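Colleague: Structure file protein-v3.cif, mmCIF, C-alpha atoms and all ligand atoms, is pasted below:
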```
data_input
loop_
_atom_site.label_atom_id
_atom_site.label_comp_id
_atom_site.auth_asym_id
_atom_site.auth_seq_id
_atom_site.Cartn_x
_atom_site.Cartn_y
_atom_site.Cartn_z
CA MET A 13 0.00 0.00 0.00
CA ASN A 14 1.52 3.35 -1.05
CA ILE A 15 0.26 6.02 1.37
CA ASP A 16 1.35 8.95 -0.78
CA GLU A 17 -0.59 7.69 -3.78
CA LEU A 18 -3.60 6.96 -1.62
CA ALA A 19 -3.43 10.42 -0.02
CA ALA A 20 -3.22 12.03 -3.44
CA SER A 21 -6.55 10.54 -4.49
CA THR A 22 -8.12 10.63 -1.00
CA PRO A 23 -6.70 13.63 0.92
CA ILE A 24 -8.22 12.59 4.26
CA VAL A 25 -5.80 9.64 4.35
CA ALA A 26 -2.94 12.03 5.19
CA ASP A 27 -4.90 13.35 8.19
CA LEU A 28 -5.75 9.85 9.34
CA ALA A 29 -2.14 8.69 8.97
CA ALA A 30 -1.00 11.69 11.02
CA GLY A 31 -3.47 10.82 13.79
CA ARG A 32 -5.42 14.06 13.35
CA GLU A 33 -9.07 14.30 14.34
CA VAL A 34 -11.28 14.41 11.25
CA VAL A 35 -14.91 14.85 10.28
CA TRP A 36 -15.66 12.82 7.18
CA ALA A 37 -18.92 13.59 5.40
CA ASN A 38 -20.01 10.59 3.38
CA PRO A 39 -20.37 11.78 -0.24
CA ASP A 40 -22.72 8.91 -1.11
CA TYR A 41 -25.11 9.39 1.80
CA GLY A 42 -28.75 9.18 0.73
CA LYS A 43 -28.05 7.98 -2.81
CA ALA A 44 -30.14 5.16 -4.23
CA ALA A 45 -28.71 1.72 -3.55
CA THR A 46 -29.71 -1.89 -3.48
CA LEU A 47 -29.19 -3.17 0.05
CA ARG A 48 -28.40 -6.81 0.61
CA GLN A 49 -30.58 -6.92 3.73
CA THR A 50 -34.27 -6.08 3.69
CA ARG A 51 -36.96 -4.93 6.08
CA ALA A 52 -38.27 -8.52 6.00
CA ASP A 53 -34.91 -9.78 7.31
CA LEU A 54 -35.11 -7.25 10.11
CA PHE A 55 -38.58 -8.35 11.21
CA ASP A 56 -37.59 -12.01 10.94
CA ALA A 57 -34.81 -11.32 13.43
CA ALA A 58 -37.15 -9.43 15.76
CA ALA A 59 -39.64 -12.32 15.71
CA ARG A 60 -36.90 -14.82 16.57
CA LEU A 61 -35.87 -12.78 19.60
CA ASP A 62 -39.53 -12.66 20.68
CA ARG A 63 -39.77 -16.46 20.41
CA PHE A 64 -36.78 -16.80 22.72
CA ALA A 65 -38.13 -14.43 25.39
CA PRO A 66 -39.48 -17.31 27.55
CA TYR A 67 -36.05 -18.95 27.36
CA PHE A 68 -34.36 -15.86 28.82
CA VAL A 69 -36.92 -15.55 31.61
CA HIS A 70 -36.11 -19.16 32.51
CA ALA A 71 -32.34 -19.30 32.00
CA PHE A 72 -31.42 -15.71 32.92
CA PRO A 73 -33.87 -14.68 35.67
CA GLU A 74 -32.48 -11.14 35.67
CA THR A 75 -34.29 -10.68 32.33
CA ALA A 76 -37.71 -11.52 33.80
CA VAL A 77 -38.42 -7.83 34.58
CA SER A 78 -38.51 -7.12 30.85
CA GLY A 79 -40.31 -10.35 29.96
CA GLY A 80 -37.16 -11.94 28.58
CA ILE A 81 -36.59 -9.14 26.05
CA LEU A 82 -33.03 -7.77 26.25
CA GLU A 83 -33.45 -4.04 25.85
CA SER A 84 -31.99 -0.87 27.34
CA PRO A 85 -33.62 2.42 28.33
CA VAL A 86 -33.39 5.82 26.66
CA LEU A 87 -32.25 8.31 29.30
CA PRO A 88 -32.46 12.12 29.16
CA LEU A 89 -29.09 13.83 29.81
CA PRO A 90 -29.86 17.43 30.80
CA ALA A 91 -26.92 17.80 33.19
CA MET A 92 -24.45 16.18 30.79
CA LYS A 93 -25.66 18.46 28.01
CA ALA A 94 -25.06 21.54 30.16
CA ALA A 95 -21.62 20.30 31.21
CA ILE A 96 -20.23 19.36 27.81
CA THR A 97 -21.58 22.35 25.91
CA ALA A 98 -20.05 24.67 28.55
CA ARG A 99 -16.72 22.84 28.66
CA GLU A 100 -16.40 22.42 24.88
CA HIS A 101 -17.92 25.81 24.06
CA TYR A 102 -20.69 24.97 21.62
CA ASP A 103 -24.41 25.30 21.18
CA LEU A 104 -26.48 22.17 20.92
CA PRO A 105 -30.01 22.88 19.73
CA GLY A 106 -32.43 20.09 20.60
CA ALA A 107 -32.47 17.51 23.36
CA LEU A 108 -29.75 15.04 24.35
CA TYR A 109 -30.43 11.42 25.30
CA LEU A 110 -28.40 8.32 26.02
CA LYS A 111 -29.22 4.87 24.66
CA ALA A 112 -28.05 2.95 27.70
CA ASP A 113 -26.76 -0.29 26.18
CA ASN A 114 -24.25 -0.26 29.04
CA GLN A 115 -27.20 -1.73 30.95
CA LEU A 116 -28.12 -4.47 28.47
CA PRO A 117 -28.41 -7.78 30.31
CA ILE A 118 -25.81 -10.56 30.02
CA SER A 119 -22.81 -8.72 28.52
CA GLY A 120 -23.53 -5.20 29.75
CA SER A 121 -22.85 -4.01 26.21
CA ILE A 122 -24.30 -3.56 22.74
CA LYS A 123 -22.87 -7.01 21.91
CA SER A 124 -25.82 -8.59 23.68
CA ARG A 125 -27.86 -7.59 20.62
CA GLY A 126 -25.90 -9.18 17.80
CA GLY A 127 -23.87 -11.88 19.51
CA ILE A 128 -26.72 -13.45 21.41
CA TYR A 129 -29.02 -13.24 18.41
CA GLN A 130 -26.65 -15.28 16.27
CA VAL A 131 -26.24 -17.95 18.96
CA LEU A 132 -30.02 -18.24 19.23
CA LYS A 133 -30.40 -18.57 15.49
CA ILE A 134 -27.90 -21.45 15.41
CA ALA A 135 -29.57 -23.13 18.40
CA GLU A 136 -33.05 -22.81 16.94
CA GLN A 137 -32.03 -24.31 13.61
CA LEU A 138 -30.33 -27.27 15.28
CA ALA A 139 -33.30 -27.91 17.59
CA VAL A 140 -35.86 -27.67 14.80
CA ASP A 141 -33.78 -29.98 12.57
CA ALA A 142 -33.50 -32.48 15.43
CA GLY A 143 -37.27 -32.43 15.91
CA LEU A 144 -36.95 -31.15 19.46
CA ILE A 145 -39.16 -28.11 18.96
CA THR A 146 -41.53 -26.33 16.60
CA TYR A 147 -41.63 -22.60 16.04
CA MET A 148 -44.89 -22.42 18.00
CA ASP A 149 -43.64 -24.12 21.18
CA ASP A 150 -42.62 -22.54 24.47
CA TYR A 151 -38.90 -21.85 24.02
CA ALA A 152 -38.29 -22.17 27.77
CA ALA A 153 -37.65 -25.79 26.70
CA PHE A 154 -34.24 -24.65 25.42
CA ASP A 155 -33.22 -24.58 29.08
CA THR A 156 -33.77 -28.32 29.60
CA PRO A 157 -31.37 -31.31 29.49
CA ALA A 158 -32.58 -32.65 26.13
CA PHE A 159 -31.50 -29.41 24.46
CA HIS A 160 -28.23 -29.17 26.38
CA ASP A 161 -27.42 -32.73 25.27
CA LEU A 162 -28.05 -31.87 21.64
CA PHE A 163 -25.94 -28.69 21.77
CA SER A 164 -23.09 -30.42 23.64
CA HIS A 165 -22.19 -32.09 20.32
CA TYR A 166 -21.53 -28.68 18.76
CA GLY A 167 -19.12 -25.84 19.29
CA ILE A 168 -19.62 -22.11 18.93
CA SER A 169 -16.48 -20.12 18.42
CA VAL A 170 -15.82 -16.40 18.18
CA ALA A 171 -12.94 -13.95 18.19
CA SER A 172 -13.37 -10.82 20.24
CA THR A 173 -11.75 -7.78 21.83
CA GLY A 174 -13.89 -8.71 24.84
CA ASN A 175 -17.56 -7.81 24.82
CA LEU A 176 -18.64 -9.93 21.87
CA GLY A 177 -16.90 -12.86 23.50
CA LEU A 178 -18.82 -12.21 26.71
CA SER A 179 -22.23 -12.11 25.05
CA ILE A 180 -21.65 -15.16 22.86
CA GLY A 181 -19.61 -17.17 25.34
CA ILE A 182 -22.08 -16.78 28.20
CA VAL A 183 -25.21 -17.67 26.23
CA ALA A 184 -23.59 -20.42 24.18
CA ALA A 185 -22.21 -22.10 27.30
CA LYS A 186 -25.56 -21.76 29.07
CA LEU A 187 -27.32 -23.50 26.17
CA GLY A 188 -24.81 -26.36 26.43
CA PHE A 189 -22.54 -25.60 23.47
CA LYS A 190 -18.79 -25.97 23.69
CA ALA A 191 -18.04 -22.25 23.64
CA THR A 192 -14.61 -21.02 22.57
CA VAL A 193 -13.58 -17.38 22.62
CA HIS A 194 -10.40 -16.21 20.89
CA MET A 195 -9.17 -13.05 22.58
CA SER A 196 -6.84 -10.39 21.17
CA HIS A 197 -4.01 -8.90 23.23
CA ASP A 198 -6.11 -5.89 24.22
CA ALA A 199 -8.82 -8.01 25.84
CA LYS A 200 -9.08 -7.25 29.55
CA GLN A 201 -8.18 -9.91 32.09
CA TRP A 202 -11.52 -9.64 33.91
CA LYS A 203 -13.37 -10.48 30.71
CA LYS A 204 -11.29 -13.64 30.29
CA ASP A 205 -11.84 -14.59 33.92
CA LEU A 206 -15.59 -14.06 33.73
CA LEU A 207 -15.89 -16.14 30.57
CA ARG A 208 -13.97 -19.04 32.07
CA GLU A 209 -16.17 -18.85 35.16
CA LYS A 210 -19.25 -19.14 32.90
CA GLY A 211 -17.91 -22.28 31.26
CA ALA A 212 -16.36 -20.95 28.06
CA THR A 213 -12.87 -21.83 26.82
CA VAL A 214 -10.70 -18.76 26.34
CA VAL A 215 -7.85 -18.90 23.83
CA GLU A 216 -5.43 -16.04 24.35
CA HIS A 217 -3.67 -14.60 21.31
CA ASP A 218 -0.63 -12.41 21.55
CA THR A 219 -1.82 -10.45 18.52
CA ASP A 220 -4.28 -7.78 17.49
CA PHE A 221 -7.94 -8.48 16.86
CA SER A 222 -7.72 -9.02 13.11
CA SER A 223 -5.10 -11.72 13.60
CA ALA A 224 -7.05 -13.32 16.46
CA ILE A 225 -10.11 -13.56 14.24
CA THR A 226 -8.11 -15.19 11.46
CA ALA A 227 -6.68 -17.73 13.90
CA GLY A 228 -10.14 -18.41 15.34
CA ARG A 229 -11.70 -18.85 11.92
CA LEU A 230 -8.96 -21.29 10.86
CA ALA A 231 -9.35 -23.38 14.00
CA ALA A 232 -13.14 -23.57 13.54
CA ASP A 233 -12.82 -24.43 9.85
CA GLN A 234 -11.06 -27.67 10.76
CA ASP A 235 -14.14 -28.95 12.59
CA PRO A 236 -17.56 -29.21 10.88
CA THR A 237 -19.38 -29.31 14.24
CA VAL A 238 -18.07 -25.86 15.15
CA PHE A 239 -19.92 -22.69 14.14
CA PHE A 240 -17.66 -19.69 13.81
CA ILE A 241 -19.32 -16.33 14.46
CA ASP A 242 -17.48 -13.91 12.23
CA ASP A 243 -17.36 -10.35 13.52
CA GLU A 244 -15.81 -9.26 10.21
CA GLY A 245 -18.83 -10.13 8.12
CA SER A 246 -21.72 -11.88 9.82
CA VAL A 247 -25.17 -10.96 8.50
CA ASP A 248 -26.81 -12.44 11.59
CA LEU A 249 -24.81 -10.23 13.96
CA TYR A 250 -25.84 -7.29 11.81
CA LEU A 251 -29.52 -8.18 11.95
CA GLY A 252 -29.40 -8.77 15.68
CA TYR A 253 -28.06 -5.25 16.18
CA ALA A 254 -30.62 -3.88 13.74
CA VAL A 255 -33.61 -4.95 15.85
CA ALA A 256 -32.74 -1.98 18.08
CA GLY A 257 -34.32 0.23 15.41
CA ILE A 258 -37.76 -1.34 15.76
CA ARG A 259 -37.64 -1.15 19.53
CA LEU A 260 -36.35 2.41 19.61
CA GLN A 261 -39.34 3.56 17.59
CA LYS A 262 -41.67 2.45 20.38
CA GLN A 263 -39.44 3.82 23.13
CA LEU A 264 -39.36 7.25 21.53
CA ARG A 265 -43.10 7.19 20.85
CA ASP A 266 -43.82 6.22 24.44
CA ALA A 267 -41.58 9.04 25.64
CA GLY A 268 -43.42 11.54 23.42
CA ILE A 269 -40.34 12.24 21.29
CA PRO A 270 -41.33 12.86 17.65
CA VAL A 271 -39.09 11.78 14.77
CA ASP A 272 -39.89 13.30 11.37
CA ALA A 273 -38.52 15.74 8.79
CA THR A 274 -38.74 18.72 11.16
CA HIS A 275 -37.75 16.66 14.22
CA PRO A 276 -34.69 14.81 12.96
CA LEU A 277 -33.05 12.10 15.04
CA PHE A 278 -29.23 12.03 15.18
CA VAL A 279 -27.58 8.90 16.48
CA TYR A 280 -23.91 8.86 17.49
CA LEU A 281 -22.32 5.41 17.57
CA PRO A 282 -18.81 4.17 18.43
CA ALA A 283 -17.33 1.96 15.72
CA GLY A 284 -14.76 -0.79 16.12
CA VAL A 285 -15.04 -3.33 13.33
CA GLY A 286 -18.15 -1.41 12.33
CA GLY A 287 -20.63 -4.24 12.80
CA SER A 288 -22.72 -2.98 15.68
CA PRO A 289 -23.07 0.62 14.52
CA SER A 290 -23.84 -0.51 10.97
CA GLY A 291 -26.48 -2.96 12.12
CA VAL A 292 -28.13 -0.38 14.34
CA THR A 293 -28.01 2.21 11.55
CA PHE A 294 -29.60 -0.22 9.09
CA GLY A 295 -32.41 -0.96 11.56
CA LEU A 296 -32.99 2.74 12.22
CA LYS A 297 -33.02 3.55 8.50
CA MET A 298 -35.59 0.81 7.84
CA ILE A 299 -37.85 2.35 10.49
CA PHE A 300 -37.26 6.11 10.37
CA GLY A 301 -35.99 6.56 6.79
CA ASP A 302 -34.80 10.09 5.99
CA ALA A 303 -35.67 11.37 9.47
CA VAL A 304 -32.72 9.62 11.10
CA HIS A 305 -29.02 10.29 10.52
CA ALA A 306 -26.20 8.19 11.91
CA ILE A 307 -22.69 9.36 12.73
CA PHE A 308 -19.90 6.95 13.75
CA ALA A 309 -16.99 7.76 16.07
CA GLU A 310 -13.55 6.12 15.97
CA PRO A 311 -10.24 6.60 17.82
CA THR A 312 -7.57 8.55 15.89
CA HIS A 313 -5.26 5.55 16.35
CA VAL A 314 -7.84 3.11 14.92
CA PRO A 315 -9.94 4.86 12.25
CA SER A 316 -10.62 1.60 10.42
CA VAL A 317 -14.15 2.22 9.15
CA VAL A 318 -13.54 5.75 7.91
CA LEU A 319 -10.29 4.64 6.25
CA GLY A 320 -12.14 1.83 4.48
CA MET A 321 -15.09 3.96 3.44
CA ALA A 322 -13.22 7.11 2.42
CA THR A 323 -10.83 5.14 0.23
CA THR A 324 -13.67 2.76 -0.85
CA LEU A 325 -11.17 -0.04 -0.20
CA ASN A 326 -13.31 -1.13 2.77
CA GLU A 327 -11.91 -4.33 4.32
CA GLN A 328 -9.03 -4.33 1.82
CA ILE A 329 -7.18 -1.76 3.93
CA SER A 330 -6.21 -1.65 7.59
CA VAL A 331 -4.97 1.15 9.85
CA TYR A 332 -1.59 -0.61 10.00
CA ASP A 333 -1.25 -0.07 6.25
CA ILE A 334 -1.09 3.69 6.83
CA GLY A 335 1.39 3.38 9.68
CA LEU A 336 -0.95 3.65 12.68
CA ASP A 337 -0.42 1.48 15.77
CA GLY A 338 -4.08 0.55 16.36
CA LEU A 339 -3.77 1.14 20.11
CA THR A 340 -6.48 2.86 22.14
CA GLU A 341 -7.84 3.13 25.67
CA ALA A 342 -11.23 2.48 24.07
CA ASP A 343 -10.55 -1.25 23.97
CA GLY A 344 -13.94 -2.11 22.43
CA LEU A 345 -12.90 -0.10 19.36
CA ALA A 346 -9.41 -1.55 18.91
CA VAL A 347 -10.07 -3.14 15.53
CA GLY A 348 -7.66 -2.21 12.75
CA ARG A 349 -9.53 -3.64 9.77
CA PRO A 350 -13.23 -2.91 9.14
CA SER A 351 -15.89 -5.55 8.64
CA ARG A 352 -16.71 -6.78 5.15
CA LEU A 353 -20.30 -5.67 5.68
CA ALA A 354 -19.89 -2.24 7.24
CA GLY A 355 -18.39 -0.32 4.35
CA HIS A 356 -20.65 -1.82 1.70
CA GLU A 357 -23.93 -1.56 3.54
CA MET A 358 -23.17 1.86 5.00
CA ARG A 359 -22.14 3.41 1.71
CA THR A 360 -25.50 5.13 1.28
CA LEU A 361 -26.91 4.86 4.82
CA LEU A 362 -24.23 6.54 6.92
CA ASP A 363 -24.05 10.32 7.21
CA ALA A 364 -20.58 10.91 8.63
CA ILE A 365 -17.67 9.58 10.69
CA THR A 366 -15.56 11.54 13.15
CA THR A 367 -12.36 10.53 14.91
CA PHE A 368 -11.34 11.44 18.45
CA LYS A 369 -8.28 11.47 20.69
CA ASP A 370 -8.40 9.01 23.59
CA ASP A 371 -8.26 11.71 26.27
CA ARG A 372 -11.70 12.88 25.27
CA VAL A 373 -13.45 9.58 25.96
CA MET A 374 -11.71 9.31 29.32
CA ALA A 375 -12.98 12.79 30.22
CA TYR A 376 -16.55 12.00 29.08
CA THR A 377 -16.49 8.79 31.12
CA ALA A 378 -15.86 10.78 34.30
CA GLU A 379 -18.21 13.58 33.26
CA LEU A 380 -21.11 11.20 32.67
CA MET A 381 -20.67 9.87 36.19
CA ASP A 382 -20.33 13.36 37.70
CA THR A 383 -23.38 14.78 35.93
CA GLU A 384 -25.78 11.85 35.53
CA HIS A 385 -24.36 9.07 37.74
CA ILE A 386 -24.12 6.73 34.77
CA ARG A 387 -21.30 4.21 34.63
CA VAL A 388 -19.90 3.35 31.23
CA GLU A 389 -16.62 2.14 29.76
CA PRO A 390 -14.50 4.62 27.77
CA SER A 391 -15.45 3.14 24.36
CA ALA A 392 -19.07 3.84 25.19
CA THR A 393 -18.63 7.62 25.36
CA ALA A 394 -17.19 8.03 21.86
CA GLY A 395 -20.57 9.31 20.67
CA PHE A 396 -20.09 12.47 22.73
CA ALA A 397 -16.99 13.31 20.69
CA ALA A 398 -18.94 12.80 17.46
CA LEU A 399 -21.77 14.90 18.88
CA HIS A 400 -19.47 17.87 19.31
CA ASP A 401 -17.45 17.45 16.15
CA ALA A 402 -20.31 16.82 13.74
CA GLN A 403 -22.54 19.76 14.73
CA PRO A 404 -21.23 22.24 12.13
CA LEU A 405 -21.66 19.65 9.38
CA LEU A 406 -25.15 18.67 10.53
CA ALA A 407 -26.27 22.27 10.99
CA SER A 408 -25.28 22.95 7.36
CA LYS A 409 -27.67 20.25 6.17
CA TYR A 410 -30.63 19.85 8.54
CA PRO A 411 -33.08 21.87 10.62
CA MET A 412 -31.59 21.47 14.10
CA ALA A 413 -34.00 23.43 16.31
CA ASN A 414 -36.11 20.39 17.20
CA ALA A 415 -33.39 17.77 16.90
CA THR A 416 -33.13 14.72 19.11
CA HIS A 417 -29.52 13.68 19.74
CA LEU A 418 -29.03 10.10 20.88
CA VAL A 419 -25.58 9.07 22.05
CA TRP A 420 -25.31 5.30 22.02
CA ALA A 421 -23.55 4.19 25.21
CA THR A 422 -22.31 0.81 24.13
CA GLY A 423 -21.00 -0.84 27.28
CA GLY A 424 -19.94 -0.73 30.88
CA MET A 425 -22.21 -2.49 33.33
CA LEU A 426 -19.87 -5.43 33.96
CA VAL A 427 -16.66 -3.41 34.30
CA PRO A 428 -15.13 -4.28 37.71
CA ASP A 429 -14.91 -1.50 40.29
CA ASP A 430 -11.11 -1.20 40.29
CA GLU A 431 -11.02 -0.92 36.51
CA TYR A 432 -13.77 1.67 36.50
CA GLU A 433 -12.04 3.67 39.26
CA ARG A 434 -8.87 3.77 37.20
CA ASP A 435 -10.67 5.13 34.12
CA TYR A 436 -12.68 7.57 36.21
CA THR A 437 -9.56 8.93 37.93
CA ILE A 438 -7.79 9.49 34.62
CA GLY A 439 -10.89 11.21 33.23
CA GLU A 440 -11.37 13.37 36.29
CA ALA A 441 -7.75 14.59 36.11
CA LEU A 442 -8.27 15.54 32.46
CA LEU A 443 -11.43 17.48 33.35
CA LYS A 444 -9.61 19.39 36.10
CA ASN A 445 -6.74 20.34 33.80
CA LYS A 446 -9.15 22.03 31.45
C1 LIG B 1 -17.82 -3.80 20.19
C2 LIG B 1 -18.02 -2.50 20.82
C3 LIG B 1 -18.23 -1.33 20.06
C4 LIG B 1 -18.15 -1.30 18.55
O1 LIG B 1 -18.82 -2.33 17.86
P1 LIG B 1 -18.21 -2.90 16.49
O2 LIG B 1 -19.19 -3.90 16.02
O3 LIG B 1 -16.89 -3.51 16.81
O4 LIG B 1 -18.05 -1.73 15.59
C5 LIG B 1 -18.45 -0.17 20.74
N1 LIG B 1 -18.45 -0.10 22.08
C6 LIG B 1 -18.27 -1.20 22.85
C7 LIG B 1 -18.31 -1.05 24.33
C8 LIG B 1 -18.05 -2.43 22.24
O5 LIG B 1 -17.85 -3.49 23.00
#
```
When written as structure tokens, how does the structure in this file appear?
Modeller:
Amino acid sequence: MNIDELAASTPIVADLAAGREVVWANPDYGKAATLRQTRADLFDAAARLDRFAPYFVHAFPETAVSGGILESPVLPLPAMKAAITAREHYDLPGALYLKADNQLPISGSIKSRGGIYQVLKIAEQLAVDAGLITYMDDYAAFDTPAFHDLFSHYGISVASTGNLGLSIGIVAAKLGFKATVHMSHDAKQWKKDLLREKGATVVEHDTDFSSAITAGRLAADQDPTVFFIDDEGSVDLYLGYAVAGIRLQKQLRDAGIPVDATHPLFVYLPAGVGGSPSGVTFGLKMIFGDAVHAIFAEPTHVPSVVLGMATTLNEQISVYDIGLDGLTEADGLAVGRPSRLAGHEMRTLLDAITTFKDDRVMAYTAELMDTEHIRVEPSATAGFAALHDAQPLLASKYPMANATHLVWATGGMLVPDDEYERDYTIGEALLKNK
């Protein structure tokens, strides 16, 4: 890969290679395109999750309060809005909310949407094929020995920076599968410990995520009874994330928050491999159409999705190719090569991508605790950086007076206290130095 040639045709590459913060406006946003996934696929996924609700009530009693549906609240952030707009000196017309996926059951992260969905889809197919269940039965039966016996003959394998491994490993092991999680070097020790405690096998790789995924895929390919869940291109992960769009429509309606041409909805999503934000964006676009606009946020050291999309090379280029180290405090976003799906499917659906320096997410992590008493991991606050950085671009295109801004907080509930304290202390020091 010749960076100079690339930068000549795509000037933003020079900024990315230099680690500068950028705002990339997608030139193809809103153009006509044929999407590979349809609204029917989205509703098929939603119906599957509904069928499994009785299973969750049975197997994960903490989900009984929501009837076995894994969903997170939308929280107003008046104090956070006042704090960040004062500290970062900008006006933010409209109201600010948090999509609190840091509270999603099981993994405490957005990965509970896609990862668990794909495990359920595999389990359902195997059980139906074996004649153990029909689509009309009570799926609480999945939590019985006959099903565990069936699944014990199969493996489910995944590579992860941490949270995807947690969501898949925990549910797969609970169903009775042999669950294997390949972890990259940035994966936190507590995530490995928790997975082992839940019955999953953790394979530690001394490499970055992209290499861990390749190793995991190869190992699974050797064994026909092992299903490999591929974070770099799985349609089922994507659809699992997308169901959020259907559910958000009802949450906003119930909260009396309109979404239409004069009340646009802006959603700010952290991107690692690009799978979860792309899936959510697809789901939102299927539901809200032109009234919703998605903006992704990536670390300056790991701008994999914007590099892929801006150059249109997508998964054919990695951040290492332009000399970046791929290291970030936002460990959920430490993915140097974008997913095969993200760039293609987002080409016409994604409004913009911004990149941020790590210090900013540390500061937001502390600020969100100080102002709203909400505990998240650093990756989960990336949307606040995009919120600030994208306002001039958005204001040049849309009526902002009645905007709803939704920052997607993607993880944090399971972070151990000592780890959280460390991040909070770093963030608090950054806030004080301001
Ligand atoms: C995985 C993850 C993301 C990004 O999702 P991708 O599918 O990798 O783009 C964001 N935040 C957290 C906390 C995550 O775990």
Colleague: Please, which residues in chain A fall within 6 Å of ligand LIG 1 (chain B) when counting only C-alpha atoms and all ligand atoms, and what is the closest atom pair and distance in Å to one decimal for each, ordered by chain then residue number, as a tab-separated table?
Modeller:
```
residue	atom	partner	partner_atom	distance
A:Ser121	CA	B:LIG1	C7	5.7
A:Asn175	CA	B:LIG1	O5	4.7
A:Pro282	CA	B:LIG1	C5	4.9
A:Ala283	CA	B:LIG1	O4	3.8
A:Gly284	CA	B:LIG1	O4	3.5
A:Val285	CA	B:LIG1	O3	3.9
A:Gly286	CA	B:LIG1	O4	3.3
A:Gly287	CA	B:LIG1	O2	3.5
A:Ser288	CA	B:LIG1	O2	3.7
A:Pro289	CA	B:LIG1	O4	5.6
A:Gly344	CA	B:LIG1	C8	4.1
A:Leu345	CA	B:LIG1	C4	5.4
A:Ser391	CA	B:LIG1	N1	5.0
A:Ala392	CA	B:LIG1	C7	5.0
A:Thr422	CA	B:LIG1	C7	4.4
A:Gly423	CA	B:LIG1	C7	4.0
```
Colleague: So, with all atoms listed in the file as the atoms that count, which of A:Lys186, A:Phe64, A:Asp248, A:Pro88 lies closest to Ala152 (chain A)?
Modeller: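 Residue with the minimum atom-to-atom distance to Ala152 (chain A): A:Phe64.
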Colleague: One decimal, Å: what's the distance from CA of Val271 (chain A) over to CA of Gly42 (chain A), could you say?
Modeller: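 A separation of 17.6 Å between them.
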Colleague: Counting only C-alpha atoms, find the residues whose atoms lie at most 12 Å from (-26.6, -21.7, 26.3) (file coordinates) and write them out as a compact mmCIF listing (two decimals) with C-alpha atoms, keeping the file's coordinate frame.
Modeller:
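So the final result, stored in part-v6.txt, reads:
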```txt
# COMPACT_ATOMS: atom_id res chain seq x y z
CA PHE A 64 -36.78 -16.80 22.72
CA TYR A 67 -36.05 -18.95 27.36
CA PHE A 68 -34.36 -15.86 28.82
CA HIS A 70 -36.11 -19.16 32.51
CA ALA A 71 -32.34 -19.30 32.00
CA PHE A 72 -31.42 -15.71 32.92
CA ILE A 118 -25.81 -10.56 30.02
CA ILE A 128 -26.72 -13.45 21.41
CA TYR A 129 -29.02 -13.24 18.41
CA GLN A 130 -26.65 -15.28 16.27
CA VAL A 131 -26.24 -17.95 18.96
CA LEU A 132 -30.02 -18.24 19.23
CA LYS A 133 -30.40 -18.57 15.49
CA ILE A 134 -27.90 -21.45 15.41
CA ALA A 135 -29.57 -23.13 18.40
CA GLU A 136 -33.05 -22.81 16.94
CA ALA A 152 -38.29 -22.17 27.77
CA ALA A 153 -37.65 -25.79 26.70
CA PHE A 154 -34.24 -24.65 25.42
CA ASP A 155 -33.22 -24.58 29.08
CA THR A 156 -33.77 -28.32 29.60
CA PRO A 157 -31.37 -31.31 29.49
CA PHE A 159 -31.50 -29.41 24.46
CA HIS A 160 -28.23 -29.17 26.38
CA ASP A 161 -27.42 -32.73 25.27
CA LEU A 162 -28.05 -31.87 21.64
CA PHE A 163 -25.94 -28.69 21.77
CA SER A 164 -23.09 -30.42 23.64
CA TYR A 166 -21.53 -28.68 18.76
CA GLY A 167 -19.12 -25.84 19.29
CA ILE A 168 -19.62 -22.11 18.93
CA SER A 179 -22.23 -12.11 25.05
CA ILE A 180 -21.65 -15.16 22.86
CA GLY A 181 -19.61 -17.17 25.34
CA ILE A 182 -22.08 -16.78 28.20
CA VAL A 183 -25.21 -17.67 26.23
CA ALA A 184 -23.59 -20.42 24.18
CA ALA A 185 -22.21 -22.10 27.30
CA LYS A 186 -25.56 -21.76 29.07
CA LEU A 187 -27.32 -23.50 26.17
CA GLY A 188 -24.81 -26.36 26.43
CA PHE A 189 -22.54 -25.60 23.47
CA LYS A 190 -18.79 -25.97 23.69
CA ALA A 191 -18.04 -22.25 23.64
CA LYS A 210 -19.25 -19.14 32.90
CA GLY A 211 -17.91 -22.28 31.26
CA ALA A 212 -16.36 -20.95 28.06
```
Colleague: Mind pulling up the distance from CA of Ala398 (chain A) to CA of Gly174 (chain A)?
Modeller: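 Going from CA of Gly174 (chain A) over to CA of Ala398 (chain A), I get 23.3 Å.
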Colleague: Which is closest to Asn414 (chain A) among A:Val292, A:Ile386, A:Leu380, A:Leu104, if we use only C-alpha atoms?
Modeller: A:Leu104
Colleague: May I ask which of the residues A:Ser124, A:Pro428, A:Ile145, A:Asp382 is the closest one to Asp205 (chain A), counting all atoms listed in the file?
Modeller: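 Selected residue with least distance to Asp205 (chain A): A:Pro428.
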Colleague: Nearest to Val77 (chain A) among A:Pro117, A:His217, A:Thr22, A:Ala232, with distances taken over all atoms listed in the file: which residue is it?
Modeller: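 For Val77 (chain A), the nearest of the candidates is A:Pro117.
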Colleague: Closest to Leu89 (chain A) among A:Gly245, A:Gly106, A:Gly301, A:Gly228, using only C-alpha atoms?
Modeller: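 With only C-alpha atoms as the atom set, the closest residue is A:Gly106.
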Colleague: Distance CA of Thr377 (chain A)-CA of Asp430 (chain A), one decimal place?
Modeller: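 We find that CA of Thr377 (chain A) and CA of Asp430 (chain A) lie 14.6 Å from each other.
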Colleague: Using only C-alpha atoms, what does the table of region 345-402 of chain A residues within 12 Å of region 43-49 of chain A look like, with each row giving the shortest atom pair and its distance in Å to one decimal, sorted by chain and ascending number, as a tab-separated table?
Modeller:
```
residue	atom	partner	partner_atom	distance
A:Leu353	CA	A:Arg48	CA	9.6
A:Ala354	CA	A:Arg48	CA	11.7
A:Gly355	CA	A:Leu47	CA	12.0
A:His356	CA	A:Leu47	CA	8.8
A:Glu357	CA	A:Leu47	CA	6.5
A:Met358	CA	A:Leu47	CA	9.3
A:Arg359	CA	A:Ala45	CA	8.6
A:Thr360	CA	A:Lys43	CA	5.6
A:Leu361	CA	A:Lys43	CA	8.3
A:Leu362	CA	A:Lys43	CA	10.6
A:Asp363	CA	A:Lys43	CA	11.0
```
